[in-house]
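Data from coords.pdb: PDB, C-alpha atoms (C1' of nucleotides)
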ATOM      1  CA  MET A   1     -47.383 146.721  41.625
ATOM      2  CA  GLY A   2     -44.079 148.362  42.125
ATOM      3  CA  GLN A   3     -41.612 147.862  39.304
ATOM      4  CA  GLY A   4     -38.717 148.038  41.724
ATOM      5  CA  SER A   5     -36.568 145.169  42.949
ATOM      6  CA  ASN A   6     -38.631 142.406  41.487
ATOM      7  CA  ALA A   7     -36.006 139.685  41.587
ATOM      8  CA  LYS A   8     -37.634 136.534  42.845
ATOM      9  CA  PRO A   9     -34.781 134.815  44.603
ATOM     10  CA  GLU A  10     -34.096 131.658  42.670
ATOM     11  CA  ARG A  11     -32.442 128.885  44.551
ATOM     12  CA  ILE A  12     -28.650 128.880  44.501
ATOM     13  CA  SER A  13     -27.074 125.443  44.301
ATOM     14  CA  GLU A  14     -24.146 124.306  46.363
ATOM     15  CA  ALA A  15     -21.644 124.662  43.550
ATOM     16  CA  GLU A  16     -23.002 128.091  42.741
ATOM     17  CA  HIS A  17     -22.714 129.031  46.386
ATOM     18  CA  ALA A  18     -19.000 128.332  46.288
ATOM     19  CA  VAL A  19     -18.734 130.873  43.504
ATOM     20  CA  MET A  20     -20.786 133.366  45.496
ATOM     21  CA  GLU A  21     -18.416 133.022  48.418
ATOM     22  CA  VAL A  22     -15.514 134.009  46.223
ATOM     23  CA  LEU A  23     -17.350 137.057  44.962
ATOM     24  CA  TRP A  24     -18.432 138.034  48.450
ATOM     25  CA  GLY A  25     -14.772 137.894  49.354
ATOM     26  CA  ALA A  26     -13.413 139.889  46.410
ATOM     27  CA  SER A  27     -16.096 141.848  44.777
ATOM     28  CA  PRO A  28     -15.621 142.741  41.148
ATOM     29  CA  ALA A  29     -13.799 139.775  39.717
ATOM     30  CA  THR A  30     -13.280 138.158  36.320
ATOM     31  CA  ALA A  31     -14.117 134.570  35.539
ATOM     32  CA  ALA A  32     -10.417 133.794  35.676
ATOM     33  CA  ASP A  33     -10.143 135.378  39.109
ATOM     34  CA  VAL A  34     -12.953 133.254  40.434
ATOM     35  CA  SER A  35     -11.558 130.161  38.795
ATOM     36  CA  ASP A  36      -8.174 130.760  40.363
ATOM     37  CA  ALA A  37      -9.662 131.294  43.778
ATOM     38  CA  LEU A  38     -11.606 128.046  43.501
ATOM     39  CA  ALA A  39      -8.937 125.917  41.879
ATOM     40  CA  GLN A  40      -7.506 125.225  45.322
ATOM     41  CA  ASN A  41     -10.490 123.597  46.994
ATOM     42  CA  ARG A  42     -12.733 122.489  44.193
ATOM     43  CA  GLY A  43     -10.416 121.907  41.289
ATOM     44  CA  TRP A  44     -12.953 122.982  38.721
ATOM     45  CA  SER A  45     -11.981 123.825  35.199
ATOM     46  CA  LEU A  46     -12.358 127.378  33.979
ATOM     47  CA  ALA A  47     -15.197 126.164  31.771
ATOM     48  CA  THR A  48     -17.098 124.919  34.784
ATOM     49  CA  VAL A  49     -16.687 128.190  36.614
ATOM     50  CA  LYS A  50     -17.945 130.063  33.567
ATOM     51  CA  THR A  51     -21.023 127.883  33.468
ATOM     52  CA  LEU A  52     -21.724 128.585  37.106
ATOM     53  CA  LEU A  53     -21.195 132.308  36.637
ATOM     54  CA  GLY A  54     -23.594 132.248  33.717
ATOM     55  CA  ARG A  55     -26.238 130.494  35.736
ATOM     56  CA  LEU A  56     -25.811 132.923  38.598
ATOM     57  CA  VAL A  57     -26.244 135.854  36.247
ATOM     58  CA  GLN A  58     -29.469 134.311  34.942
ATOM     59  CA  LYS A  59     -30.682 133.804  38.454
ATOM     60  CA  GLN A  60     -29.899 137.458  39.077
ATOM     61  CA  ALA A  61     -27.662 136.565  41.964
ATOM     62  CA  ILE A  62     -24.695 138.382  40.455
ATOM     63  CA  SER A  63     -24.143 141.186  37.985
ATOM     64  CA  ALA A  64     -21.885 141.133  34.957
ATOM     65  CA  SER A  65     -20.539 144.512  33.885
ATOM     66  CA  PRO A  66     -18.761 144.640  30.542
ATOM     67  CA  ASP A  67     -15.103 145.531  30.871
ATOM     68  CA  GLY A  68     -13.627 145.462  27.413
ATOM     69  CA  ARG A  69     -13.561 141.898  26.196
ATOM     70  CA  ARG A  70     -14.799 140.397  29.394
ATOM     71  CA  TYR A  71     -17.102 140.871  32.314
ATOM     72  CA  LEU A  72     -16.565 141.854  35.862
ATOM     73  CA  TYR A  73     -18.827 139.906  38.161
ATOM     74  CA  ALA A  74     -20.178 141.120  41.470
ATOM     75  CA  PRO A  75     -22.789 139.825  43.902
ATOM     76  CA  LEU A  76     -26.279 141.231  43.691
ATOM     77  CA  ILE A  77     -27.523 139.558  46.794
ATOM     78  CA  GLU A  78     -25.946 139.958  50.176
ATOM     79  CA  ARG A  79     -24.268 137.175  51.959
ATOM     80  CA  SER A  80     -26.216 137.792  55.116
ATOM     81  CA  ASP A  81     -29.462 137.528  53.192
ATOM     82  CA  TYR A  82     -28.372 134.287  51.669
ATOM     83  CA  ILE A  83     -27.250 132.612  54.841
ATOM     84  CA  GLY A  84     -30.326 133.965  56.541
ATOM     85  CA  THR A  85     -32.586 132.348  54.004
ATOM     86  CA  GLU A  86     -30.714 129.091  54.037
ATOM     87  CA  SER A  87     -30.592 128.938  57.808
ATOM     88  CA  LYS A  88     -34.284 129.579  57.980
ATOM     89  CA  ARG A  89     -34.966 126.839  55.472
ATOM     90  CA  LEU A  90     -33.098 124.370  57.611
ATOM     91  CA  VAL A  91     -34.700 125.450  60.843
ATOM     92  CA  ASP A  92     -38.134 125.256  59.256
ATOM     93  CA  ARG A  93     -37.524 121.906  57.640
ATOM     94  CA  LEU A  94     -35.792 120.119  60.475
ATOM     95  CA  PHE A  95     -36.940 121.901  63.575
ATOM     96  CA  GLY A  96     -40.399 123.077  62.676
ATOM     97  CA  GLY A  97     -39.190 126.646  62.691
ATOM     98  CA  ARG A  98     -38.052 126.519  66.293
ATOM     99  CA  ALA A  99     -34.541 127.927  66.296
ATOM    100  CA  ALA A 100     -34.090 127.045  69.928
ATOM    101  CA  SER A 101     -34.463 123.408  68.974
ATOM    102  CA  LEU A 102     -31.547 123.767  66.635
ATOM    103  CA  VAL A 103     -29.387 125.181  69.375
ATOM    104  CA  ALA A 104     -30.523 122.445  71.706
ATOM    105  CA  HIS A 105     -29.610 119.869  69.146
ATOM    106  CA  LEU A 106     -26.192 121.317  68.485
ATOM    107  CA  ALA A 107     -25.559 121.387  72.202
ATOM    108  CA  ASP A 108     -26.711 117.814  72.542
ATOM    109  CA  GLN A 109     -24.471 116.593  69.774
ATOM    110  CA  GLU A 110     -21.657 118.443  71.420
ATOM    111  CA  ALA A 111     -21.258 120.384  68.234
ATOM    112  CA  LEU A 112     -20.778 123.329  70.540
ATOM    113  CA  THR A 113     -17.448 123.714  72.197
ATOM    114  CA  GLU A 114     -16.927 125.310  75.557
ATOM    115  CA  ASP A 115     -15.873 128.428  73.687
ATOM    116  CA  ASP A 116     -19.003 128.373  71.589
ATOM    117  CA  LEU A 117     -21.100 128.231  74.701
ATOM    118  CA  THR A 118     -19.284 131.166  76.212
ATOM    119  CA  GLU A 119     -19.660 133.091  73.008
ATOM    120  CA  ILE A 120     -23.351 132.399  72.799
ATOM    121  CA  GLU A 121     -23.765 133.391  76.397
ATOM    122  CA  ALA A 122     -22.175 136.710  75.639
ATOM    123  CA  LEU A 123     -24.438 137.133  72.648
ATOM    124  CA  LEU A 124     -27.494 136.475  74.736
ATOM    125  CA  LYS A 125     -26.437 138.978  77.328
ATOM    126  CA  GLU A 126     -26.101 141.552  74.631
ATOM    127  CA  LEU A 127     -29.462 140.721  73.125
ATOM    128  CA  LYS A 128     -31.296 140.852  76.376
ATOM    129  CA  ARG A 129     -30.046 144.348  77.073
TER     130      ARG A 129
ATOM    131  CA  MET B   1     -12.246  96.014  58.455
ATOM    132  CA  GLY B   2     -15.402  95.287  60.323
ATOM    133  CA  GLN B   3     -18.161  93.698  58.335
ATOM    134  CA  GLY B   4     -20.752  95.308  60.535
ATOM    135  CA  SER B   5     -23.022  98.229  59.747
ATOM    136  CA  ASN B   6     -21.552  99.114  56.418
ATOM    137  CA  ALA B   7     -24.305 101.367  55.178
ATOM    138  CA  LYS B   8     -22.726 104.384  53.605
ATOM    139  CA  PRO B   9     -25.270 107.067  54.304
ATOM    140  CA  GLU B  10     -26.596 108.152  50.963
ATOM    141  CA  ARG B  11     -28.044 111.593  50.777
ATOM    142  CA  ILE B  12     -31.763 111.878  51.460
ATOM    143  CA  SER B  13     -33.573 114.391  49.318
ATOM    144  CA  GLU B  14     -36.095 116.868  50.578
ATOM    145  CA  ALA B  15     -39.101 114.924  49.318
ATOM    146  CA  GLU B  16     -37.687 111.753  50.780
ATOM    147  CA  HIS B  17     -37.169 113.544  54.052
ATOM    148  CA  ALA B  18     -40.873 114.301  54.246
ATOM    149  CA  VAL B  19     -41.493 110.575  54.041
ATOM    150  CA  MET B  20     -38.917 109.915  56.728
ATOM    151  CA  GLU B  21     -40.666 112.355  59.035
ATOM    152  CA  VAL B  22     -43.875 110.391  58.716
ATOM    153  CA  LEU B  23     -42.100 107.158  59.527
ATOM    154  CA  TRP B  24     -40.278 108.716  62.446
ATOM    155  CA  GLY B  25     -43.660 109.719  63.696
ATOM    156  CA  ALA B  26     -45.450 106.403  63.238
ATOM    157  CA  SER B  27     -43.002 103.640  62.900
ATOM    158  CA  PRO B  28     -44.122 100.559  61.013
ATOM    159  CA  ALA B  29     -46.405 101.912  58.342
ATOM    160  CA  THR B  30     -47.698 100.857  54.961
ATOM    161  CA  ALA B  31     -47.319 102.878  51.799
ATOM    162  CA  ALA B  32     -50.965 103.837  52.100
ATOM    163  CA  ASP B  33     -50.437 105.037  55.659
ATOM    164  CA  VAL B  34     -47.576 107.247  54.599
ATOM    165  CA  SER B  35     -49.494 108.503  51.618
ATOM    166  CA  ASP B  36     -52.439 109.421  53.793
ATOM    167  CA  ALA B  37     -50.264 111.227  56.274
ATOM    168  CA  LEU B  38     -48.653 113.241  53.500
ATOM    169  CA  ALA B  39     -51.732 113.935  51.433
ATOM    170  CA  GLN B  40     -52.512 116.861  53.712
ATOM    171  CA  ASN B  41     -49.410 118.966  53.244
ATOM    172  CA  ARG B  42     -47.849 117.723  50.049
ATOM    173  CA  GLY B  43     -50.725 116.375  48.058
ATOM    174  CA  TRP B  44     -48.690 113.613  46.491
ATOM    175  CA  SER B  45     -50.304 110.701  44.758
ATOM    176  CA  LEU B  46     -49.893 107.239  46.181
ATOM    177  CA  ALA B  47     -47.667 106.429  43.224
ATOM    178  CA  THR B  48     -45.293 109.204  44.154
ATOM    179  CA  VAL B  49     -45.066 108.066  47.726
ATOM    180  CA  LYS B  50     -44.304 104.557  46.558
ATOM    181  CA  THR B  51     -41.484 105.833  44.434
ATOM    182  CA  LEU B  52     -40.026 107.709  47.365
ATOM    183  CA  LEU B  53     -40.360 104.704  49.646
ATOM    184  CA  GLY B  54     -38.612 102.571  47.047
ATOM    185  CA  ARG B  55     -35.754 105.008  46.782
ATOM    186  CA  LEU B  56     -35.416 105.189  50.541
ATOM    187  CA  VAL B  57     -35.247 101.407  50.754
ATOM    188  CA  GLN B  58     -32.485 101.408  48.156
ATOM    189  CA  LYS B  59     -30.632 104.037  50.084
ATOM    190  CA  GLN B  60     -31.019 101.842  53.135
ATOM    191  CA  ALA B  61     -32.673 104.624  55.034
ATOM    192  CA  ILE B  62     -35.730 102.536  55.785
ATOM    193  CA  SER B  63     -36.546  98.847  56.031
ATOM    194  CA  ALA B  64     -39.372  97.016  54.292
ATOM    195  CA  SER B  65     -40.613  93.938  56.101
ATOM    196  CA  PRO B  66     -43.021  91.712  54.215
ATOM    197  CA  ASP B  67     -46.439  91.594  55.778
ATOM    198  CA  GLY B  68     -48.618  89.436  53.633
ATOM    199  CA  ARG B  69     -49.226  91.192  50.363
ATOM    200  CA  ARG B  70     -47.432  94.336  51.304
ATOM    201  CA  TYR B  71     -44.563  95.803  53.228
ATOM    202  CA  LEU B  72     -44.310  97.560  56.490
ATOM    203  CA  TYR B  73     -41.808 100.346  56.347
ATOM    204  CA  ALA B  74     -39.726 101.590  59.231
ATOM    205  CA  PRO B  75     -36.792 103.977  59.575
ATOM    206  CA  LEU B  76     -33.325 102.483  59.680
ATOM    207  CA  ILE B  77     -31.618 105.722  60.506
ATOM    208  CA  GLU B  78     -32.459 107.825  63.492
ATOM    209  CA  ARG B  79     -33.954 111.220  63.210
ATOM    210  CA  SER B  80     -31.374 112.738  65.503
ATOM    211  CA  ASP B  81     -28.606 111.365  63.297
ATOM    212  CA  TYR B  82     -30.222 112.811  60.249
ATOM    213  CA  ILE B  83     -30.823 116.258  61.608
ATOM    214  CA  GLY B  84     -27.372 116.176  63.136
ATOM    215  CA  THR B  85     -25.776 115.486  59.804
ATOM    216  CA  GLU B  86     -27.855 118.049  58.008
ATOM    217  CA  SER B  87     -27.258 120.703  60.616
ATOM    218  CA  LYS B  88     -23.566 120.067  60.459
ATOM    219  CA  ARG B  89     -23.588 120.366  56.696
ATOM    220  CA  LEU B  90     -25.189 123.756  56.941
ATOM    221  CA  VAL B  91     -22.935 124.996  59.684
ATOM    222  CA  ASP B  92     -19.885 123.834  57.771
ATOM    223  CA  ARG B  93     -21.014 125.283  54.492
ATOM    224  CA  LEU B  94     -22.304 128.626  55.670
ATOM    225  CA  PHE B  95     -20.453 129.286  58.877
ATOM    226  CA  GLY B  96     -17.153 127.555  58.381
ATOM    227  CA  GLY B  97     -18.098 125.017  60.993
ATOM    228  CA  ARG B  98     -18.577 127.589  63.722
ATOM    229  CA  ALA B  99     -21.907 126.779  65.295
ATOM    230  CA  ALA B 100     -21.777 129.892  67.434
ATOM    231  CA  SER B 101     -21.812 131.939  64.242
ATOM    232  CA  LEU B 102     -25.084 130.334  63.315
ATOM    233  CA  VAL B 103     -26.615 131.271  66.621
ATOM    234  CA  ALA B 104     -25.232 134.753  66.287
ATOM    235  CA  HIS B 105     -26.755 135.032  62.877
ATOM    236  CA  LEU B 106     -30.146 133.807  63.980
ATOM    237  CA  ALA B 107     -30.077 136.281  66.815
ATOM    238  CA  ASP B 108     -29.076 139.080  64.468
ATOM    239  CA  GLN B 109     -31.868 138.325  62.060
ATOM    240  CA  GLU B 110     -34.231 138.255  64.952
ATOM    241  CA  ALA B 111     -35.097 134.740  63.996
ATOM    242  CA  LEU B 112     -34.997 134.119  67.698
ATOM    243  CA  THR B 113     -37.984 135.160  69.707
ATOM    244  CA  GLU B 114     -37.846 136.288  73.265
ATOM    245  CA  ASP B 115     -38.971 132.797  74.203
ATOM    246  CA  ASP B 116     -36.239 131.212  72.159
ATOM    247  CA  LEU B 117     -33.678 133.314  73.951
ATOM    248  CA  THR B 118     -35.007 132.324  77.316
ATOM    249  CA  GLU B 119     -35.042 128.712  76.284
ATOM    250  CA  ILE B 120     -31.497 128.831  75.045
ATOM    251  CA  GLU B 121     -30.399 130.534  78.197
ATOM    252  CA  ALA B 122     -31.867 127.711  80.203
ATOM    253  CA  LEU B 123     -30.128 125.208  77.970
ATOM    254  CA  LEU B 124     -26.820 126.905  78.485
ATOM    255  CA  LYS B 125     -27.216 126.933  82.210
ATOM    256  CA  GLU B 126     -27.849 123.238  82.113
ATOM    257  CA  LEU B 127     -24.890 122.588  79.876
ATOM    258  CA  LYS B 128     -22.483 124.591  81.934
ATOM    259  CA  ARG B 129     -23.345 122.671  85.048
TER     260      ARG B 129
ATOM    261  C1'  DT C   1      -2.963 139.202   7.179
ATOM    262  C1'  DC C   2      -2.949 134.740   9.534
ATOM    263  C1'  DA C   3      -2.406 131.953  13.586
ATOM    264  C1'  DT C   4      -3.047 132.055  18.398
ATOM    265  C1'  DT C   5      -4.996 133.228  22.587
ATOM    266  C1'  DT C   6      -8.919 134.716  25.302
ATOM    267  C1'  DC C   7     -13.461 135.192  26.488
ATOM    268  C1'  DG C   8     -18.347 134.462  26.630
ATOM    269  C1'  DA C   9     -22.246 131.594  24.722
ATOM    270  C1'  DT C  10     -24.061 127.274  23.260
ATOM    271  C1'  DT C  11     -24.437 122.541  23.616
ATOM    272  C1'  DA C  12     -23.641 118.151  26.081
ATOM    273  C1'  DC C  13     -24.373 114.596  29.105
ATOM    274  C1'  DG C  14     -24.927 111.527  33.068
ATOM    275  C1'  DG C  15     -27.046 111.375  37.589
ATOM    276  C1'  DA C  16     -30.462 113.056  41.055
ATOM    277  C1'  DT C  17     -35.072 114.753  41.955
ATOM    278  C1'  DG C  18     -40.020 115.456  41.812
ATOM    279  C1'  DT C  19     -43.907 113.583  40.167
ATOM    280  C1'  DA C  20     -46.313 110.063  38.336
ATOM    281  C1'  DA C  21     -48.430 106.438  34.931
ATOM    282  C1'  DA C  22     -48.258 101.704  33.405
ATOM    283  C1'  DC C  23     -47.535  96.956  34.439
ATOM    284  C1'  DA C  24     -47.544  92.622  36.990
ATOM    285  C1'  DT C  25     -49.331  89.881  40.395
ATOM    286  C1'  DG C  26     -51.622  88.061  44.196
ATOM    287  C1'  DA C  27     -55.874  88.493  47.128
ATOM    288  C1'  DA C  28     -60.800  88.868  47.550
ATOM    289  C1'  DG C  29     -65.368  88.782  45.983
ATOM    290  C1'  DC C  30     -68.978  87.055  43.226
TER     291       DC C  30
ATOM    292  C1'  DG D   1     -63.023  80.894  37.473
ATOM    293  C1'  DC D   2     -63.174  85.757  36.293
ATOM    294  C1'  DT D   3     -63.211  90.538  37.658
ATOM    295  C1'  DT D   4     -61.636  93.878  40.622
ATOM    296  C1'  DC D   5     -58.817  95.886  44.160
ATOM    297  C1'  DA D   6     -54.499  96.528  46.351
ATOM    298  C1'  DT D   7     -49.690  96.708  46.213
ATOM    299  C1'  DG D   8     -45.016  96.621  44.765
ATOM    300  C1'  DT D   9     -41.943  97.177  40.415
ATOM    301  C1'  DT D  10     -40.680  99.233  36.143
ATOM    302  C1'  DT D  11     -40.635 102.867  33.144
ATOM    303  C1'  DA D  12     -41.237 107.837  32.124
ATOM    304  C1'  DC D  13     -40.087 112.337  31.806
ATOM    305  C1'  DA D  14     -39.018 117.225  32.662
ATOM    306  C1'  DT D  15     -35.817 119.923  35.412
ATOM    307  C1'  DC D  16     -31.767 120.787  38.055
ATOM    308  C1'  DC D  17     -26.974 120.026  39.056
ATOM    309  C1'  DG D  18     -22.129 119.088  38.367
ATOM    310  C1'  DT D  19     -18.831 119.136  35.081
ATOM    311  C1'  DA D  20     -17.226 120.218  30.792
ATOM    312  C1'  DA D  21     -16.135 120.511  25.609
ATOM    313  C1'  DT D  22     -16.962 123.131  21.644
ATOM    314  C1'  DC D  23     -18.060 127.146  18.938
ATOM    315  C1'  DG D  24     -17.652 131.851  17.614
ATOM    316  C1'  DA D  25     -15.771 136.271  17.856
ATOM    317  C1'  DA D  26     -12.530 139.614  19.364
ATOM    318  C1'  DA D  27      -7.796 140.816  20.629
ATOM    319  C1'  DT D  28      -3.012 140.029  20.070
ATOM    320  C1'  DG D  29       1.205 138.878  18.188
ATOM    321  C1'  DA D  30       4.150 137.649  14.354
TER     322       DA D  30
END

How would this structure read if it were set down as structure tokens?
Amino acid sequence: MGQGSNAKPERISEAEHAVMEVLWGASPATAADVSDALAQNRGWSLATVKTLLGRLVQKQAISASPDGRRYLYAPLIERSDYIGTESKRLVDRLFGGRAASLVAHLADQEALTEDDLTEIEALLKELKR
Amino acid sequence: MGQGSNAKPERISEAEHAVMEVLWGASPATAADVSDALAQNRGWSLATVKTLLGRLVQKQAISASPDGRRYLYAPLIERSDYIGTESKRLVDRLFGGRAASLVAHLADQEALTEDDLTEIEALLKELKR
DNA sequence: TCATTTCGATTACGGATGTAAACATGAAGC
DNA sequence: GCTTCATGTTTACATCCGTAATCGAAATGA
């Protein structure tokens, strides 16, 4: 077997995901940076953020490069991969894998605005070309 | 405040959701019925299914009507409500609430087949009318 | 050099989850 | 009536998750 990228993607929890979003937004960042960025919405203590960063490092979702006394953290997995996986999970679990059913449902619940519809229409046109 | 339907919707876990799906499919059912239906895919013991049913009753997601020695279980929440809530959670968390972004992503990842696209197109036509 | 600050690492701890075994109790045979 | 089956209830228990406090070591300042 190849020795290459062997990172089995361990599940990222919701709290951990919030940390990932910060890192996806501002790549190499210190624990303090992340904590600051999250203080607004989540109000977590620095200790909590450190715990989450530690868990993410273990899960190989982020890297930690030594920078003097501290680490600089950066994502190892791409955001698009993550949201792709998560979206697929949902579609599989709730809609038996049929993405169209999801769209139908969103439309039904009027979760789609007029603008959304227009946007999707444009997308479809592009895809069909 | 109204005294009416006061059931705060407690979160349903993934395992519990599997049980809900069975009940949504065959409404009043006994624990054994549910267990049988799930044995195929999940391979849970009857004991496990009973635990899940108990938790769902507590969460007021299903009802348990006495029927002689046992109970008949039935969903109290509707499937469309559940998948609506869950879909919304995902869209909010991963796409900042923009459902169109989800569709765009699915399209990008080619999670949408040619058939899906056609189906969605039809949906849109209907919605725009 | 000693106290303070700053980090990461270790430990904590309650609640949820997945997965079940053990227990209690009534029904059904024998 | 006593044993056995069926069924719900209670208890169990490891892991994950959210949320930190504490510990230990290095850097910094006085």

### Task
Pull the neighbourhood of (-5.8, 141.2, 22.7) for me: all residues within 12 Å in file coordinates, counting only C-alpha atoms (C1' of nucleotides), as a list of chain:residue names.
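Here is the list of nearby residues: A:Gly68, A:Arg69, A:Arg70, C:DT4, C:DT5, C:DT6, C:DC7, D:DA26, D:DA27, D:DT28, D:DG29.
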
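With all atoms listed in the file taken into account, chain D has DA6, DT7, DG8 and DT9 of chain D at most 10 Å from chain B.
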
Just C-alpha atoms (C1' of nucleotides) for this one: save the residues we selected as a PDB file, in the frame of the given file.
ATOM      1  C1'  DA D   6     -54.499  96.528  46.351  1.00  0.00           C
ATOM      2  C1'  DT D   7     -49.690  96.708  46.213  1.00  0.00           C
ATOM      3  C1'  DG D   8     -45.016  96.621  44.765  1.00  0.00           C
ATOM      4  C1'  DT D   9     -41.943  97.177  40.415  1.00  0.00           C
TER       5       DT D   9
END

### Task
Find the residues around range 110-127 of chain A up to 8 Å (only C-alpha atoms (C1' of nucleotides) counted), leave out those fewer than 5 positions away in its own chain, and share them as number ranges by chain.
B: 98-100, 103-104, 107, 117, 121, 124

### Message
Once the PyMOL selection byres ((chain B) within 12 of (chain C)) is applied to the coordinates I shared, what remains selected? I want it as a PyMOL selection string.
### Response
chain B and resi 10-16+42-52+55+68-70

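The space between CA of Leu102 in chain A and CA of Gly84 in chain B spans 9.3 Å.
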
### Task
Determine the residue membership of the PyMOL selection byres ((chain B and resi 63) around 10) for the file above and supply it as a PyMOL selection string.
chain B and resi 28+53-54+56-62+64-66+71-77

Selection above as a file: C-alpha atoms, as a PDB file, in the frame of the given file:
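See part33.pdb below for the written result:
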ATOM      1  CA  PRO B  28     -44.122 100.559  61.013  1.00  0.00           C
ATOM      2  CA  LEU B  53     -40.360 104.704  49.646  1.00  0.00           C
ATOM      3  CA  GLY B  54     -38.612 102.571  47.047  1.00  0.00           C
ATOM      4  CA  LEU B  56     -35.416 105.189  50.541  1.00  0.00           C
ATOM      5  CA  VAL B  57     -35.247 101.407  50.754  1.00  0.00           C
ATOM      6  CA  GLN B  58     -32.485 101.408  48.156  1.00  0.00           C
ATOM      7  CA  LYS B  59     -30.632 104.037  50.084  1.00  0.00           C
ATOM      8  CA  GLN B  60     -31.019 101.842  53.135  1.00  0.00           C
ATOM      9  CA  ALA B  61     -32.673 104.624  55.034  1.00  0.00           C
ATOM     10  CA  ILE B  62     -35.730 102.536  55.785  1.00  0.00           C
ATOM     11  CA  ALA B  64     -39.372  97.016  54.292  1.00  0.00           C
ATOM     12  CA  SER B  65     -40.613  93.938  56.101  1.00  0.00           C
ATOM     13  CA  PRO B  66     -43.021  91.712  54.215  1.00  0.00           C
ATOM     14  CA  TYR B  71     -44.563  95.803  53.228  1.00  0.00           C
ATOM     15  CA  LEU B  72     -44.310  97.560  56.490  1.00  0.00           C
ATOM     16  CA  TYR B  73     -41.808 100.346  56.347  1.00  0.00           C
ATOM     17  CA  ALA B  74     -39.726 101.590  59.231  1.00  0.00           C
ATOM     18  CA  PRO B  75     -36.792 103.977  59.575  1.00  0.00           C
ATOM     19  CA  LEU B  76     -33.325 102.483  59.680  1.00  0.00           C
ATOM     20  CA  ILE B  77     -31.618 105.722  60.506  1.00  0.00           C
TER      21      ILE B  77
END

### Query
Pick the closest to chain A from B:Leu38, B:Ala26, B:Glu21, B:Glu78: which is it, counting all atoms listed in the file?
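Ranking B:Leu38, B:Ala26, B:Glu21, B:Glu78 by distance to chain A, first place goes to B:Glu21.
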
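Of the listed residues (B:Ala29, B:Ala37, B:Val22, B:Leu106), B:Leu106 comes nearest to chain A; the distances count only C-alpha atoms.
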
### Task
Can you work out the spacing between CA of Gln40 in chain A and CA of Leu94 in chain B in Å, to one decimal?
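Value for the CA of Gln40 in chain A-CA of Leu94 in chain B distance: 18.4 Å.
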
### Message
Please compute the CA of Glu86 in chain B-CA of Ser35 in chain B distance, one decimal, in Å.
### Response
24.5 Å

### Query
Using only C-alpha atoms, which of the listed residues (B:Pro9, B:Asp33, B:Ala18, B:Ser27) sits closest to chain A?
B:Ala18

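Minimum atom-to-atom distances from A:Asp92, A:Met20, A:Ile83, A:Gly25 to chain B were compared using all atoms listed in the file, and the lowest value belongs to A:Ile83.
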
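Between chain A and the residues B:Val19, B:Tyr82, B:Asp67, B:Val34, the shortest atom-to-atom distance, using all atoms listed in the file, involves B:Tyr82.
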